[in-house]
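Chemist: To be precise about what I am sending: the file is called coords.pdb and holds PDB, C-alpha atoms.
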ATOM      1  CA  MET A   1      74.799 108.781  93.205
ATOM      2  CA  PHE A   2      77.632 106.270  93.721
ATOM      3  CA  GLY A   3      76.211 104.405  96.737
ATOM      4  CA  SER A   4      75.915 101.147  94.830
ATOM      5  CA  THR A   5      78.892 101.621  92.491
ATOM      6  CA  PRO A   6      82.040  99.611  93.263
ATOM      7  CA  ALA A   7      85.061 101.802  94.012
ATOM      8  CA  PHE A   8      88.650 101.400  95.107
ATOM      9  CA  SER A   9      91.499 103.580  96.252
ATOM     10  CA  SER A  10      94.937 103.764  94.661
ATOM     11  CA  PHE A  11      98.412 105.152  95.152
ATOM     12  CA  SER A  12     101.713 105.033  93.295
ATOM     13  CA  VAL A  13     105.110 103.515  94.018
ATOM     14  CA  ASP A  14     108.479 103.814  92.352
ATOM     15  CA  ASP A  15     109.208 100.061  92.305
ATOM     16  CA  LEU A  16     106.345  97.585  91.864
ATOM     17  CA  ASP A  17     108.477  94.538  92.738
ATOM     18  CA  ALA A  18     109.572  96.118  96.042
ATOM     19  CA  ALA A  19     105.945  97.044  96.760
ATOM     20  CA  ARG A  20     104.759  93.489  96.078
ATOM     21  CA  ALA A  21     107.395  92.083  98.444
ATOM     22  CA  PHE A  22     106.596  94.613 101.166
ATOM     23  CA  TYR A  23     102.813  94.396 101.034
ATOM     24  CA  GLY A  24     102.748  90.640 100.402
ATOM     25  CA  ASP A  25     105.624  89.326 102.507
ATOM     26  CA  THR A  26     106.118  91.960 105.197
ATOM     27  CA  LEU A  27     102.481  92.971 105.786
ATOM     28  CA  GLY A  28     100.940  89.641 104.784
ATOM     29  CA  LEU A  29      98.378  91.078 102.380
ATOM     30  CA  GLN A  30      97.172  89.332  99.269
ATOM     31  CA  ALA A  31      99.150  91.211  96.603
ATOM     32  CA  GLY A  32      98.114  90.117  93.125
ATOM     33  CA  GLU A  33      99.782  91.483  90.039
ATOM     34  CA  GLU A  34      97.774  92.234  86.922
ATOM     35  CA  GLY A  35      98.814  93.386  83.471
ATOM     36  CA  SER A  36     102.190  93.061  81.838
ATOM     37  CA  GLY A  37     105.174  95.130  80.798
ATOM     38  CA  ASP A  38     104.710  98.841  81.422
ATOM     39  CA  MET A  39     101.052  98.213  82.326
ATOM     40  CA  ARG A  40     101.739  96.029  85.385
ATOM     41  CA  MET A  41      99.708  96.896  88.472
ATOM     42  CA  LEU A  42      99.362  95.459  91.925
ATOM     43  CA  PHE A  43      96.031  94.910  93.659
ATOM     44  CA  LEU A  44      96.108  94.577  97.431
ATOM     45  CA  THR A  45      93.167  92.733  98.937
ATOM     46  CA  LEU A  46      92.307  93.943 102.432
ATOM     47  CA  ALA A  47      90.287  92.217 105.139
ATOM     48  CA  GLY A  48      86.633  92.281 104.099
ATOM     49  CA  GLY A  49      87.539  92.074 100.418
ATOM     50  CA  ALA A  50      88.252  95.729  99.603
ATOM     51  CA  ARG A  51      90.973  96.165  97.006
ATOM     52  CA  VAL A  52      93.578  98.902  96.627
ATOM     53  CA  LEU A  53      95.381  99.550  93.350
ATOM     54  CA  VAL A  54      99.126 100.150  93.559
ATOM     55  CA  TYR A  55     100.567 101.402  90.301
ATOM     56  CA  PRO A  56     104.149 102.086  89.241
ATOM     57  CA  LYS A  57     105.329 105.591  88.379
ATOM     58  CA  GLY A  58     109.079 104.945  88.466
ATOM     59  CA  ASP A  59     111.092 108.154  88.751
ATOM     60  CA  GLN A  60     107.860 110.180  88.454
ATOM     61  CA  HIS A  61     106.642 108.857  91.833
ATOM     62  CA  SER A  62     106.230 111.287  94.715
ATOM     63  CA  PRO A  63     105.390 109.746  98.091
ATOM     64  CA  ALA A  64     101.962 110.627  99.401
ATOM     65  CA  SER A  65     102.045 113.398 102.008
ATOM     66  CA  PHE A  66      99.249 111.663 103.933
ATOM     67  CA  THR A  67      98.511 108.207 105.292
ATOM     68  CA  VAL A  68      97.492 105.952 102.369
ATOM     69  CA  LEU A  69      96.472 102.929 104.461
ATOM     70  CA  ASN A  70      95.321 102.575 108.061
ATOM     71  CA  PHE A  71      95.221  99.157 109.690
ATOM     72  CA  GLN A  72      93.001  98.966 112.760
ATOM     73  CA  VAL A  73      94.419  96.411 115.196
ATOM     74  CA  ASP A  74      93.278  94.964 118.517
ATOM     75  CA  ASP A  75      96.751  95.204 120.101
ATOM     76  CA  ILE A  76      98.969  97.985 118.770
ATOM     77  CA  ASP A  77     101.934  96.929 120.900
ATOM     78  CA  ALA A  78     101.882  93.423 119.412
ATOM     79  CA  ALA A  79     101.440  94.820 115.880
ATOM     80  CA  VAL A  80     104.367  97.238 116.269
ATOM     81  CA  ASP A  81     106.564  94.496 117.749
ATOM     82  CA  ALA A  82     105.711  92.131 114.877
ATOM     83  CA  LEU A  83     106.432  94.801 112.267
ATOM     84  CA  LYS A  84     109.729  95.723 113.936
ATOM     85  CA  ASP A  85     110.695  92.032 113.863
ATOM     86  CA  LYS A  86     110.224  92.221 110.075
ATOM     87  CA  GLY A  87     112.509  95.260 109.818
ATOM     88  CA  VAL A  88     109.861  97.991 109.658
ATOM     89  CA  GLU A  89     111.000 101.346 111.057
ATOM     90  CA  PHE A  90     108.480 103.695 112.624
ATOM     91  CA  GLN A  91     108.184 107.410 111.915
ATOM     92  CA  ARG A  92     108.067 110.162 114.506
ATOM     93  CA  TYR A  93     106.411 113.380 113.440
ATOM     94  CA  PRO A  94     106.840 116.812 115.029
ATOM     95  CA  GLY A  95     103.978 117.902 117.246
ATOM     96  CA  PHE A  96     103.275 114.393 118.557
ATOM     97  CA  GLU A  97     104.657 112.555 121.567
ATOM     98  CA  PHE A  98     105.791 108.968 121.091
ATOM     99  CA  ASP A  99     106.692 106.175 123.467
ATOM    100  CA  ASP A 100     109.852 104.078 123.136
ATOM    101  CA  LYS A 101     108.178 101.840 120.533
ATOM    102  CA  GLY A 102     107.195 104.764 118.302
ATOM    103  CA  ILE A 103     103.508 104.722 119.270
ATOM    104  CA  CYS A 104     101.646 107.991 119.736
ATOM    105  CA  ARG A 105      99.219 107.550 122.620
ATOM    106  CA  ASP A 106      97.387 110.888 122.566
ATOM    107  CA  THR A 107      94.247 110.911 124.707
ATOM    108  CA  ASN A 108      92.420 112.862 121.965
ATOM    109  CA  GLY A 109      92.552 109.989 119.495
ATOM    110  CA  PRO A 110      93.500 106.370 118.950
ATOM    111  CA  ALA A 111      96.933 104.981 119.728
ATOM    112  CA  ILE A 112      98.725 105.142 116.378
ATOM    113  CA  ALA A 113     102.113 104.305 114.872
ATOM    114  CA  TRP A 114     103.219 105.377 111.400
ATOM    115  CA  PHE A 115     105.663 103.699 109.042
ATOM    116  CA  THR A 116     106.428 103.864 105.335
ATOM    117  CA  ASP A 117     106.514 101.426 102.447
ATOM    118  CA  PRO A 118     109.640 101.166 100.254
ATOM    119  CA  ALA A 119     108.311 104.084  98.140
ATOM    120  CA  LYS A 120     107.970 106.241 101.298
ATOM    121  CA  ASN A 121     104.144 106.242 101.281
ATOM    122  CA  VAL A 122     102.824 106.542 104.844
ATOM    123  CA  ILE A 123     100.945 103.658 106.481
ATOM    124  CA  ALA A 124      99.583 103.435 110.017
ATOM    125  CA  VAL A 125      98.494 100.879 112.562
ATOM    126  CA  LEU A 126      96.018 102.157 115.097
ATOM    127  CA  GLN A 127      94.045 100.905 118.050
ATOM    128  CA  ASP A 128      90.908 102.558 119.405
TER
END
So that I can check it, write out the structure of this file as structure tokens.

Modeler:
Amino acid sequence: MFGSTPAFSSFSVDDLDAARAFYGDTLGLQAGEEGSGDMRMLFLTLAGGARVLVYPKGDQHSPASFTVLNFQVDDIDAAVDALKDKGVEFQRYPGFEFDDKGICRDTNGPAIAWFTDPAKNVIAVLQD
């Protein structure tokens, strides 16, 4: 039904300016703002051209309880090191084992490391 219909994902943040700085400057994504006033939105452009809508909810924002973005990388150690150099802190979740860098290297899945944006939405880098 929707196989040829354009679609995009979205999630909310509490502070659009902080999100633009984080996704644009820290993660290096194209982060274009659209709209004005209370109707401002941020569109992130991912590799391959997919776009993700980031919209402000202010005090009504609740961080997603799941990973909102996954970045597949060729070298997870290099990606984690680069993110740490930019001040990103990695999350450690119960039930998983992590190395000193904060990378979960479970043999049942990809090597993965989770971190959050300024609005506490969960993001991951992973390597197959």

Chemist: What's around Gly32 of chain A at 12 Å? Count only C-alpha atoms, leave out sequence neighbours fewer than 5 positions away in its own chain, and write the answer as a PDB file with C-alpha atoms, in the coordinates of the input.

Modeler:
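Saved result, part_15.pdb, follows:
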ATOM      1  CA  LEU A  16     106.345  97.585  91.864  1.00  0.00           C
ATOM      2  CA  ASP A  17     108.477  94.538  92.738  1.00  0.00           C
ATOM      3  CA  ALA A  19     105.945  97.044  96.760  1.00  0.00           C
ATOM      4  CA  ARG A  20     104.759  93.489  96.078  1.00  0.00           C
ATOM      5  CA  ALA A  21     107.395  92.083  98.444  1.00  0.00           C
ATOM      6  CA  TYR A  23     102.813  94.396 101.034  1.00  0.00           C
ATOM      7  CA  GLY A  24     102.748  90.640 100.402  1.00  0.00           C
ATOM      8  CA  ARG A  40     101.739  96.029  85.385  1.00  0.00           C
ATOM      9  CA  MET A  41      99.708  96.896  88.472  1.00  0.00           C
ATOM     10  CA  LEU A  42      99.362  95.459  91.925  1.00  0.00           C
ATOM     11  CA  PHE A  43      96.031  94.910  93.659  1.00  0.00           C
ATOM     12  CA  LEU A  44      96.108  94.577  97.431  1.00  0.00           C
ATOM     13  CA  THR A  45      93.167  92.733  98.937  1.00  0.00           C
ATOM     14  CA  LEU A  46      92.307  93.943 102.432  1.00  0.00           C
ATOM     15  CA  ARG A  51      90.973  96.165  97.006  1.00  0.00           C
ATOM     16  CA  VAL A  52      93.578  98.902  96.627  1.00  0.00           C
ATOM     17  CA  LEU A  53      95.381  99.550  93.350  1.00  0.00           C
ATOM     18  CA  VAL A  54      99.126 100.150  93.559  1.00  0.00           C
ATOM     19  CA  TYR A  55     100.567 101.402  90.301  1.00  0.00           C
TER      20      TYR A  55
END

Chemist: Given the choices A:Thr67, A:Pro6, A:Pro94, A:Pro56, which gets closest to Gly37 of chain A if the distance is worked out from only C-alpha atoms?

Modeler: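 That would be A:Pro56, the residue with the smallest distance to Gly37 of chain A.
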
Chemist: Which is closest to Cys104 of chain A among A:Met1, A:Leu83, A:Leu126, A:Asn121, if we use only C-alpha atoms?

Modeler: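 Of A:Met1, A:Leu83, A:Leu126, A:Asn121, the one nearest Cys104 of chain A is A:Leu126, counting only C-alpha atoms.
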
Chemist: Kindly provide, as a PyMOL selection string, the polymer residues lying within 12 Å of (108.0, 96.8, 110.6), counting all atoms listed in the file and using the coordinates exactly as they appear in the file.

Modeler: chain A and resi 22-23+25-28+77-91+101-102+113-118+123-125

Chemist: What would the file look like if the residues just selected were written as a compact mmCIF listing (two decimals), in the coordinates of the input with C-alpha atoms?

Modeler:
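Final output, part-v7.txt:
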# COMPACT_ATOMS: atom_id res chain seq x y z
CA PHE A 22 106.60 94.61 101.17
CA TYR A 23 102.81 94.40 101.03
CA ASP A 25 105.62 89.33 102.51
CA THR A 26 106.12 91.96 105.20
CA LEU A 27 102.48 92.97 105.79
CA GLY A 28 100.94 89.64 104.78
CA ASP A 77 101.93 96.93 120.90
CA ALA A 78 101.88 93.42 119.41
CA ALA A 79 101.44 94.82 115.88
CA VAL A 80 104.37 97.24 116.27
CA ASP A 81 106.56 94.50 117.75
CA ALA A 82 105.71 92.13 114.88
CA LEU A 83 106.43 94.80 112.27
CA LYS A 84 109.73 95.72 113.94
CA ASP A 85 110.70 92.03 113.86
CA LYS A 86 110.22 92.22 110.08
CA GLY A 87 112.51 95.26 109.82
CA VAL A 88 109.86 97.99 109.66
CA GLU A 89 111.00 101.35 111.06
CA PHE A 90 108.48 103.70 112.62
CA GLN A 91 108.18 107.41 111.92
CA LYS A 101 108.18 101.84 120.53
CA GLY A 102 107.20 104.76 118.30
CA ALA A 113 102.11 104.30 114.87
CA TRP A 114 103.22 105.38 111.40
CA PHE A 115 105.66 103.70 109.04
CA THR A 116 106.43 103.86 105.34
CA ASP A 117 106.51 101.43 102.45
CA PRO A 118 109.64 101.17 100.25
CA ILE A 123 100.94 103.66 106.48
CA ALA A 124 99.58 103.44 110.02
CA VAL A 125 98.49 100.88 112.56

Chemist: For a cutoff of 7 Å around the file-coordinate point (110.5, 103.4, 92.7), which residues qualify once you count only C-alpha atoms? I'd like the result as a compact mmCIF listing (two decimals) with C-alpha atoms, in the coordinates of the input.

Modeler:
# COMPACT_ATOMS: atom_id res chain seq x y z
CA VAL A 13 105.11 103.52 94.02
CA ASP A 14 108.48 103.81 92.35
CA ASP A 15 109.21 100.06 92.30
CA GLY A 58 109.08 104.94 88.47
CA ASP A 59 111.09 108.15 88.75
CA HIS A 61 106.64 108.86 91.83
CA ALA A 119 108.31 104.08 98.14

Chemist: Between A:Ser10, A:Ser36, A:Gln127, A:Asn108, which residue has the minimum interatomic distance to Asp74 of chain A, considering all atoms listed in the file?

Modeler: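 Looking only at the distances to Asp74 of chain A, the closest residue turns out to be A:Gln127.
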
Chemist: At what distance in Å, to one decimal, does atom CA of Ser9 of chain A lie from atom CA of Gly109 of chain A?

Modeler: 24.1 Å

Chemist: Kindly indicate which residue among A:Ser65, A:Asp38, A:Phe71, A:Ile112 lies nearest to Asp99 of chain A, using all atoms listed in the file for the distances.

Modeler: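 Closest candidate: A:Ile112.
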
Chemist: Write out as AutoDock Vina command-line options an axis-aligned box for segment 83-88 of chain A: all of its atoms listed in the file, 4 Å added on each side, centre and edge lengths in Å with one decimal.

Modeler:
--center_x 109.5 --center_y 95.0 --center_z 111.8 --size_x 14.1 --size_y 14.0 --size_z 12.3
